Each structure stands twice: as structure tokens, then as C-alpha cells.
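Enquirer: Contents of start28.cif (mmCIF, C-alpha atoms) are below:
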```
data_work
loop_
_atom_site.group_PDB
_atom_site.id
_atom_site.type_symbol
_atom_site.label_atom_id
_atom_site.label_comp_id
_atom_site.auth_asym_id
_atom_site.auth_seq_id
_atom_site.Cartn_x
_atom_site.Cartn_y
_atom_site.Cartn_z
ATOM 1 C CA MET C 2 -19.284 3.637 6.927
ATOM 2 C CA ILE C 3 -15.752 3.344 5.555
ATOM 3 C CA LYS C 4 -13.625 6.486 5.691
ATOM 4 C CA ILE C 5 -11.755 7.247 2.465
ATOM 5 C CA PRO C 6 -8.284 8.804 2.947
ATOM 6 C CA PRO C 7 -7.619 11.978 0.952
ATOM 7 C CA TYR C 8 -6.663 11.375 -2.666
ATOM 8 C CA LEU C 9 -3.157 12.348 -3.654
ATOM 9 C CA LYS C 10 -2.190 15.373 -5.676
ATOM 10 C CA LYS C 11 1.048 16.347 -7.378
ATOM 11 C CA GLY C 12 3.743 17.156 -4.876
ATOM 12 C CA ASP C 13 2.398 14.784 -2.204
ATOM 13 C CA THR C 14 4.843 12.354 -0.623
ATOM 14 C CA ILE C 15 4.577 8.574 -0.881
ATOM 15 C CA GLY C 16 6.621 6.594 1.620
ATOM 16 C CA ILE C 17 8.018 3.206 0.580
ATOM 17 C CA THR C 18 8.635 0.691 3.345
ATOM 18 C CA CYS C 19 9.032 -3.068 3.711
ATOM 19 C CA PRO C 20 7.062 -4.168 6.786
ATOM 20 C CA ALA C 21 7.357 -7.806 5.730
ATOM 21 C CA GLY C 22 9.805 -9.531 3.385
ATOM 22 C CA TYR C 23 13.132 -8.303 2.050
ATOM 23 C CA LEU C 24 13.257 -6.255 -1.168
ATOM 24 C CA ASP C 25 16.505 -5.378 -2.922
ATOM 25 C CA LYS C 26 16.771 -1.579 -3.112
ATOM 26 C CA ALA C 27 17.678 -1.778 -6.818
ATOM 27 C CA LYS C 28 14.221 -3.228 -7.495
ATOM 28 C CA THR C 29 12.616 0.031 -6.336
ATOM 29 C CA LYS C 30 14.390 2.226 -8.903
ATOM 30 C CA THR C 31 11.667 1.968 -11.560
ATOM 31 C CA CYS C 32 8.945 2.476 -8.960
ATOM 32 C CA ILE C 33 10.569 5.627 -7.619
ATOM 33 C CA GLU C 34 11.095 7.001 -11.135
ATOM 34 C CA THR C 35 7.479 6.268 -12.098
ATOM 35 C CA LEU C 36 6.033 7.873 -8.951
ATOM 36 C CA GLN C 37 8.199 10.947 -9.565
ATOM 37 C CA LYS C 38 7.087 11.046 -13.206
ATOM 38 C CA TRP C 39 3.502 11.068 -11.914
ATOM 39 C CA GLY C 40 4.412 14.164 -9.865
ATOM 40 C CA PHE C 41 4.889 12.667 -6.391
ATOM 41 C CA GLU C 42 7.735 13.025 -3.937
ATOM 42 C CA VAL C 43 9.125 9.711 -2.671
ATOM 43 C CA MET C 44 10.584 8.905 0.732
ATOM 44 C CA VAL C 45 12.333 5.527 0.832
ATOM 45 C CA GLY C 46 12.560 3.885 4.228
ATOM 46 C CA LYS C 47 15.601 2.147 5.664
ATOM 47 C CA THR C 48 13.882 -1.256 5.538
ATOM 48 C CA VAL C 49 14.060 -1.135 1.734
ATOM 49 C CA GLY C 50 17.196 -3.076 0.866
ATOM 50 C CA SER C 51 17.764 -4.011 4.505
ATOM 51 C CA SER C 52 17.849 -7.568 5.789
ATOM 52 C CA SER C 53 18.019 -9.135 9.209
ATOM 53 C CA ASP C 54 19.982 -12.160 7.962
ATOM 54 C CA ASN C 55 16.739 -13.964 7.251
ATOM 55 C CA TYR C 56 13.635 -13.544 5.145
ATOM 56 C CA PHE C 57 12.551 -10.233 6.656
ATOM 57 C CA SER C 58 13.510 -6.659 5.725
ATOM 58 C CA GLY C 59 14.786 -6.056 9.221
ATOM 59 C CA SER C 60 14.016 -7.119 12.755
ATOM 60 C CA ASP C 61 10.421 -6.969 13.955
ATOM 61 C CA GLU C 62 11.352 -3.835 15.898
ATOM 62 C CA GLN C 63 12.929 -2.124 12.860
ATOM 63 C CA ARG C 64 9.967 -2.923 10.621
ATOM 64 C CA LEU C 65 7.466 -1.845 13.273
ATOM 65 C CA ASN C 66 9.315 1.404 14.030
ATOM 66 C CA GLU C 67 9.554 2.415 10.381
ATOM 67 C CA LEU C 68 5.919 1.606 9.611
ATOM 68 C CA GLN C 69 4.854 3.450 12.777
ATOM 69 C CA ALA C 70 6.927 6.502 11.811
ATOM 70 C CA MET C 71 5.335 6.586 8.345
ATOM 71 C CA LEU C 72 1.837 6.153 9.784
ATOM 72 C CA ASP C 73 2.460 9.081 12.149
ATOM 73 C CA ASP C 74 4.234 11.377 9.658
ATOM 74 C CA GLU C 75 1.672 13.922 8.432
ATOM 75 C CA THR C 76 3.827 14.818 5.406
ATOM 76 C CA ILE C 77 3.506 11.269 4.045
ATOM 77 C CA LYS C 78 0.161 10.964 2.240
ATOM 78 C CA ALA C 79 0.418 7.273 1.227
ATOM 79 C CA ILE C 80 2.479 4.257 2.240
ATOM 80 C CA LEU C 81 3.487 1.916 -0.558
ATOM 81 C CA CYS C 82 4.778 -1.407 0.673
ATOM 82 C CA GLY C 83 7.826 -2.760 -1.117
ATOM 83 C CA ARG C 84 6.655 -6.347 -1.022
ATOM 84 C CA GLY C 85 4.640 -8.745 1.048
ATOM 85 C CA GLY C 86 5.461 -12.314 1.886
ATOM 86 C CA TYR C 87 5.383 -12.702 5.645
ATOM 87 C CA GLY C 88 6.011 -10.584 8.713
ATOM 88 C CA VAL C 89 3.181 -8.067 9.202
ATOM 89 C CA GLY C 90 1.321 -10.542 11.406
ATOM 90 C CA ARG C 91 4.287 -10.440 13.777
ATOM 91 C CA ILE C 92 3.972 -6.649 14.311
ATOM 92 C CA ILE C 93 0.288 -5.772 13.737
ATOM 93 C CA ASP C 94 -0.668 -5.912 17.425
ATOM 94 C CA SER C 95 2.107 -3.469 18.338
ATOM 95 C CA ILE C 96 1.110 -0.734 15.875
ATOM 96 C CA ASP C 97 -0.415 2.393 17.425
ATOM 97 C CA PHE C 98 -3.094 3.611 15.013
ATOM 98 C CA SER C 99 -4.208 6.628 17.096
ATOM 99 C CA GLN C 100 -2.422 9.253 14.943
ATOM 100 C CA PHE C 101 -3.388 7.387 11.756
ATOM 101 C CA LYS C 102 -7.080 7.521 12.749
ATOM 102 C CA ARG C 103 -6.835 11.317 12.990
ATOM 103 C CA ASN C 104 -4.848 11.582 9.737
ATOM 104 C CA PRO C 105 -5.625 8.556 7.533
ATOM 105 C CA LYS C 106 -3.578 7.898 4.432
ATOM 106 C CA TRP C 107 -3.502 5.230 1.768
ATOM 107 C CA ILE C 108 -1.848 1.948 2.723
ATOM 108 C CA ILE C 109 -0.975 0.109 -0.488
ATOM 109 C CA GLY C 110 0.018 -3.495 -1.073
ATOM 110 C CA PHE C 111 -1.158 -7.088 -1.152
ATOM 111 C CA SER C 112 -0.013 -10.541 -0.037
ATOM 112 C CA ASP C 113 1.021 -10.240 3.627
ATOM 113 C CA ILE C 114 -0.020 -6.570 3.577
ATOM 114 C CA THR C 115 -3.591 -7.898 3.558
ATOM 115 C CA VAL C 116 -3.175 -8.229 7.346
ATOM 116 C CA LEU C 117 -3.033 -4.411 7.458
ATOM 117 C CA HIS C 118 -5.970 -4.063 5.053
ATOM 118 C CA CYS C 119 -8.138 -6.350 7.188
ATOM 119 C CA HIS C 120 -7.219 -4.497 10.376
ATOM 120 C CA LEU C 121 -7.905 -1.093 8.818
ATOM 121 C CA ASN C 122 -11.245 -2.273 7.471
ATOM 122 C CA SER C 123 -12.554 -4.251 10.443
ATOM 123 C CA LYS C 124 -11.173 -2.243 13.367
ATOM 124 C CA LEU C 125 -10.809 1.308 12.047
ATOM 125 C CA LYS C 126 -13.223 1.427 9.091
ATOM 126 C CA ILE C 127 -10.584 3.137 6.926
ATOM 127 C CA ALA C 128 -10.147 2.244 3.260
ATOM 128 C CA SER C 129 -6.847 0.986 1.861
ATOM 129 C CA LEU C 130 -5.669 -0.266 -1.524
ATOM 130 C CA HIS C 131 -5.029 -3.900 -2.389
ATOM 131 C CA ALA C 132 -2.765 -2.901 -5.264
ATOM 132 C CA PRO C 133 0.670 -3.377 -6.883
ATOM 133 C CA MET C 134 3.659 -2.880 -4.628
ATOM 134 C CA ALA C 135 7.012 -1.240 -5.375
ATOM 135 C CA SER C 136 8.487 -4.394 -6.886
ATOM 136 C CA ALA C 137 5.636 -4.620 -9.442
ATOM 137 C CA PHE C 138 6.716 -1.457 -11.252
ATOM 138 C CA ASN C 139 9.573 -3.355 -12.911
ATOM 139 C CA ASP C 140 7.095 -4.912 -15.348
ATOM 140 C CA GLY C 141 6.696 -1.556 -17.112
ATOM 141 C CA GLU C 142 3.610 0.618 -17.469
ATOM 142 C CA ASN C 143 0.511 -1.548 -17.698
ATOM 143 C CA ILE C 144 -3.211 -1.456 -16.922
ATOM 144 C CA PHE C 145 -2.593 -2.502 -13.307
ATOM 145 C CA LEU C 146 -0.259 0.408 -12.612
ATOM 146 C CA GLN C 147 -2.581 2.794 -14.452
ATOM 147 C CA SER C 148 -5.505 1.565 -12.334
ATOM 148 C CA PHE C 149 -3.371 2.041 -9.209
ATOM 149 C CA HIS C 150 -2.464 5.586 -10.301
ATOM 150 C CA ASN C 151 -6.119 6.408 -10.988
ATOM 151 C CA ALA C 152 -7.140 5.058 -7.574
ATOM 152 C CA ILE C 153 -4.658 7.133 -5.543
ATOM 153 C CA ILE C 154 -5.598 10.361 -7.328
ATOM 154 C CA GLY C 155 -9.337 9.661 -7.114
ATOM 155 C CA LYS C 156 -9.917 9.282 -10.835
ATOM 156 C CA LYS C 157 -12.908 7.083 -11.549
ATOM 157 C CA THR C 158 -12.167 3.999 -13.601
ATOM 158 C CA LYS C 159 -14.697 1.944 -15.498
ATOM 159 C CA TYR C 160 -14.206 -1.789 -15.412
ATOM 160 C CA SER C 161 -15.943 -4.276 -17.657
ATOM 161 C CA CYS C 162 -15.854 -8.000 -18.191
ATOM 162 C CA ASP C 163 -16.887 -9.977 -21.213
ATOM 163 C CA LYS C 164 -19.957 -12.136 -20.757
ATOM 164 C CA HIS C 165 -19.242 -15.721 -19.835
ATOM 165 C CA PRO C 166 -21.689 -18.592 -19.236
ATOM 166 C CA LEU C 167 -20.201 -19.245 -15.780
ATOM 167 C CA ASN C 168 -20.785 -15.673 -14.591
ATOM 168 C CA LYS C 169 -23.881 -15.636 -12.414
ATOM 169 C CA LYS C 170 -25.733 -12.645 -11.085
ATOM 170 C CA ARG C 171 -25.938 -12.786 -7.310
ATOM 171 C CA ASN C 172 -29.452 -12.630 -5.888
ATOM 172 C CA SER C 173 -30.337 -9.990 -3.312
ATOM 173 C CA ASN C 174 -30.750 -12.609 -0.550
ATOM 174 C CA GLY C 175 -26.993 -13.171 -0.340
#
```
Go ahead and express the file in the form of C-alpha cells.
Expert:
Amino acid sequence: MIKIPPYLKKGDTIGITCPAGYLDKAKTKTCIETLQKWGFEVMVGKTVGSSSDNYFSGSDEQRLNELQAMLDDETIKAILCGRGGYGVGRIIDSIDFSQFKRNPKWIIGFSDITVLHCHLNSKLKIASLHAPMASAFNDGENIFLQSFHNAIIGKKTKYSCDKHPLNKKRNSNG
């Protein structure tokens, strides 16, 4: 059975970190403002806007240490990744999830962050969110951000798709 981290409530803190590729700090401004408008506190990590003179948002050690600190920090209720790209695969085996298992929180992102999602699902059986990252907030309020907001606060969302001749109902045999 998959464990669902606690849903967020107003006043909870969301940490923003870049465990993979570089993200210009200016590109997080709208994200931070939106999260605060939703009633959350925001803690921005040092990897946001930091570069190690290459593609990454810091050295493997810097990215690992910041992600580890946010995983272990009980005041942070969700971790929103700044962007994906590449780099989490280089640090995943060094992450200590022991504190996180006792105090799970939402890990949010996609792209390279999927490495974390797969680990959390297969090894720890803890849910996470394949959802917009900090850089996606620059597109303005939209249905994707609203769905993300609903998900982190535990609000049920109804999804529907128009009928299409190529949609097939899956049989119960797999």
C-alpha cells in the first residue's frame, strides 16, 4: 500500500531546490509569489540560481546536501524542484531516506525528478507528485497549476476526457 504524505495547509513551508539542472533564480519569482498567495511559506535553497560551471545547479555534493537537508527538515512539508533535466541519477544512491520514511512529505517535479518518484514508489512505497516545477509558474495561472494546488492540499479534482474512437477500455486481464 502506498503511503500518502500529509496534505498541506496554509502556513506550511514548501522548500524549493534544484537537485538536477540549473535554474536562474529570477525564474522562481512568480512561483514564490504564487505559493505565498496560496498561503504557504517558501524556503528557497542555495542551489536555486547556483551553477557549478556546467549544466548542473551545483556540484553533486551541493545538490545532494541540500536535498538531504530538505528531506530531513521537519518544518518543510513539501519539496518543489526548480527544474529537471539531468543530475538526480548521480546522487540518488547517496540519499539517506531514513528520516523521510518517518516524516514523509511531497516531492514535486518531473523530467529527471522522475528518478526520485520511481525510488519513492518502488523502494519506500511513498506517494509523490509528477507535477509542474518552479519554472512552470511563469506561464501564469492555468489548469495545470490549479490541479497541482488541489493535489497538495488534498482537494479532489474530477478529470474527464471527450470520447474518441481510439480510446479503448482496458480489459480486466491486463
Enquirer: Looking at all atoms listed in the file, which of C:Gly85, C:Gly12, C:Pro105, C:Gly141 is the one that sits closest to C:Met71?
Expert: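 Answer, going by the shortest atom-to-atom distance: C:Pro105.
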Enquirer: Can you translate the PyMOL selection byres ((chain C and resi 19-35) around 8) into the concrete residues it hits in this file, as an NGL selection string?
Expert: :C and (17-18 or 36-39 or 43 or 46 or 48-52 or 56-59 or 64-65 or 67-68 or 82-89 or 113-114 or 135-139)
Enquirer: Create the file for the chosen residues now, containing C-alpha atoms and written as an mmCIF file, in the coordinates of the input.
Expert:
```cif
data_model
loop_
_atom_site.group_PDB
_atom_site.id
_atom_site.type_symbol
_atom_site.label_atom_id
_atom_site.label_comp_id
_atom_site.auth_asym_id
_atom_site.auth_seq_id
_atom_site.Cartn_x
_atom_site.Cartn_y
_atom_site.Cartn_z
ATOM 1 C CA ILE C 17 8.018 3.206 0.580
ATOM 2 C CA THR C 18 8.635 0.691 3.345
ATOM 3 C CA LEU C 36 6.033 7.873 -8.951
ATOM 4 C CA GLN C 37 8.199 10.947 -9.565
ATOM 5 C CA LYS C 38 7.087 11.046 -13.206
ATOM 6 C CA TRP C 39 3.502 11.068 -11.914
ATOM 7 C CA VAL C 43 9.125 9.711 -2.671
ATOM 8 C CA GLY C 46 12.560 3.885 4.228
ATOM 9 C CA THR C 48 13.882 -1.256 5.538
ATOM 10 C CA VAL C 49 14.060 -1.135 1.734
ATOM 11 C CA GLY C 50 17.196 -3.076 0.866
ATOM 12 C CA SER C 51 17.764 -4.011 4.505
ATOM 13 C CA SER C 52 17.849 -7.568 5.789
ATOM 14 C CA TYR C 56 13.635 -13.544 5.145
ATOM 15 C CA PHE C 57 12.551 -10.233 6.656
ATOM 16 C CA SER C 58 13.510 -6.659 5.725
ATOM 17 C CA GLY C 59 14.786 -6.056 9.221
ATOM 18 C CA ARG C 64 9.967 -2.923 10.621
ATOM 19 C CA LEU C 65 7.466 -1.845 13.273
ATOM 20 C CA GLU C 67 9.554 2.415 10.381
ATOM 21 C CA LEU C 68 5.919 1.606 9.611
ATOM 22 C CA CYS C 82 4.778 -1.407 0.673
ATOM 23 C CA GLY C 83 7.826 -2.760 -1.117
ATOM 24 C CA ARG C 84 6.655 -6.347 -1.022
ATOM 25 C CA GLY C 85 4.640 -8.745 1.048
ATOM 26 C CA GLY C 86 5.461 -12.314 1.886
ATOM 27 C CA TYR C 87 5.383 -12.702 5.645
ATOM 28 C CA GLY C 88 6.011 -10.584 8.713
ATOM 29 C CA VAL C 89 3.181 -8.067 9.202
ATOM 30 C CA ASP C 113 1.021 -10.240 3.627
ATOM 31 C CA ILE C 114 -0.020 -6.570 3.577
ATOM 32 C CA ALA C 135 7.012 -1.240 -5.375
ATOM 33 C CA SER C 136 8.487 -4.394 -6.886
ATOM 34 C CA ALA C 137 5.636 -4.620 -9.442
ATOM 35 C CA PHE C 138 6.716 -1.457 -11.252
ATOM 36 C CA ASN C 139 9.573 -3.355 -12.911
#
```
Enquirer: What does the distance from atom CA of C:Cys119 to atom CA of C:Glu42 come to in Å, to one decimal?
Expert: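 If I compute the distance from atom CA of C:Cys119 to atom CA of C:Glu42, I get 27.4 Å.
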Enquirer: I need the residue nearest C:Lys157 from this list: C:Asn143, C:Ala79, C:Tyr8, C:Gly16. Use only C-alpha atoms for the distance.
Expert: C:Tyr8
Enquirer: Which residues come within 9 Å of C:Leu130, counting only C-alpha atoms, excluding same-chain residues fewer than 2 positions away, as a list in words?
Expert: Trp107, Ile108, Ile109, Gly110, Phe111, His118, Ala128, Ala132, Pro133, Phe149, Ala152 and Ile153 of chain C
Enquirer: Between atom CA of C:Lys126 and atom CA of C:Met2, measure the distance and give it in Å to one decimal.
Expert: 6.8 Å
Enquirer: Excluding C:Leu9 and its own-chain neighbours fewer than 5 positions away, which residues fall within 10 Å of it when counting all atoms listed in the file? Please give them as a PyMOL selection string.
Expert: chain C and resi 14-15+40-41+78-79+106-107+150-155
Enquirer: Take the residues just selected and output them with C-alpha atoms as a compact mmCIF listing (two decimals), in the coordinates of the input.
Expert:
```txt
# COMPACT_ATOMS: atom_id res chain seq x y z
CA THR C 14 4.84 12.35 -0.62
CA ILE C 15 4.58 8.57 -0.88
CA GLY C 40 4.41 14.16 -9.86
CA PHE C 41 4.89 12.67 -6.39
CA LYS C 78 0.16 10.96 2.24
CA ALA C 79 0.42 7.27 1.23
CA LYS C 106 -3.58 7.90 4.43
CA TRP C 107 -3.50 5.23 1.77
CA HIS C 150 -2.46 5.59 -10.30
CA ASN C 151 -6.12 6.41 -10.99
CA ALA C 152 -7.14 5.06 -7.57
CA ILE C 153 -4.66 7.13 -5.54
CA ILE C 154 -5.60 10.36 -7.33
CA GLY C 155 -9.34 9.66 -7.11
```
Enquirer: Interatomic distance between atom CA of C:Glu75 and atom CA of C:Thr158?
Expert: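 Spanning atom CA of C:Glu75 to atom CA of C:Thr158 is a straight-line distance of 27.8 Å.
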Enquirer: I need the residue nearest C:Ile92 from this list: C:Gln63, C:Ser161, C:Asn168, C:Gln147. Use only C-alpha atoms for the distance.
Expert: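 For C:Ile92, the nearest of the given residues is C:Gln63.
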Enquirer: Could you add N, CA and C atoms to stretch 95-113 of chain C and give me the result as a CSV table (one decimal), keeping the file's coordinate frame?
Expert:
```csv
chain,number,residue,atom,x,y,z
C,95,SER,N,1.3,-4.5,17.7
C,95,SER,CA,2.1,-3.5,18.3
C,95,SER,C,2.0,-2.1,17.7
C,96,ILE,N,1.3,-2.0,16.6
C,96,ILE,CA,1.1,-0.7,15.9
C,96,ILE,C,0.1,0.1,16.6
C,97,ASP,N,0.5,1.4,16.8
C,97,ASP,CA,-0.4,2.4,17.4
C,97,ASP,C,-1.1,3.2,16.3
C,98,PHE,N,-2.4,3.0,16.1
C,98,PHE,CA,-3.1,3.6,15.0
C,98,PHE,C,-3.8,4.9,15.4
C,99,SER,N,-3.5,5.4,16.6
C,99,SER,CA,-4.2,6.6,17.1
C,99,SER,C,-4.0,7.9,16.2
C,100,GLN,N,-2.7,8.1,15.8
C,100,GLN,CA,-2.4,9.3,14.9
C,100,GLN,C,-3.0,9.0,13.5
C,101,PHE,N,-2.9,7.8,13.1
C,101,PHE,CA,-3.4,7.4,11.8
C,101,PHE,C,-4.9,7.6,11.7
C,102,LYS,N,-5.6,7.3,12.7
C,102,LYS,CA,-7.1,7.5,12.7
C,102,LYS,C,-7.4,9.0,12.6
C,103,ARG,N,-6.6,9.9,13.1
C,103,ARG,CA,-6.8,11.3,13.0
C,103,ARG,C,-6.4,11.8,11.6
C,104,ASN,N,-5.4,11.1,11.0
C,104,ASN,CA,-4.8,11.6,9.7
C,104,ASN,C,-4.7,10.4,8.8
C,105,PRO,N,-5.8,9.8,8.3
C,105,PRO,CA,-5.6,8.6,7.5
C,105,PRO,C,-4.9,8.8,6.2
C,106,LYS,N,-4.3,7.8,5.7
C,106,LYS,CA,-3.6,7.9,4.4
C,106,LYS,C,-3.7,6.5,3.8
C,107,TRP,N,-3.4,6.5,2.5
C,107,TRP,CA,-3.5,5.2,1.8
C,107,TRP,C,-2.4,4.3,2.2
C,108,ILE,N,-2.8,3.1,2.5
C,108,ILE,CA,-1.8,1.9,2.7
C,108,ILE,C,-2.0,1.1,1.5
C,109,ILE,N,-0.9,0.8,0.8
C,109,ILE,CA,-1.0,0.1,-0.5
C,109,ILE,C,-0.1,-1.1,-0.5
C,110,GLY,N,-0.7,-2.2,-1.0
C,110,GLY,CA,0.0,-3.5,-1.1
C,110,GLY,C,-0.9,-4.7,-1.2
C,111,PHE,N,-0.4,-5.9,-1.2
C,111,PHE,CA,-1.2,-7.1,-1.2
C,111,PHE,C,-0.3,-8.2,-0.5
C,112,SER,N,-0.7,-9.4,-0.7
C,112,SER,CA,0.0,-10.5,0.0
C,112,SER,C,-0.1,-10.4,1.5
C,113,ASP,N,1.0,-10.4,2.2
C,113,ASP,CA,1.0,-10.2,3.6
C,113,ASP,C,0.5,-8.9,4.1
```
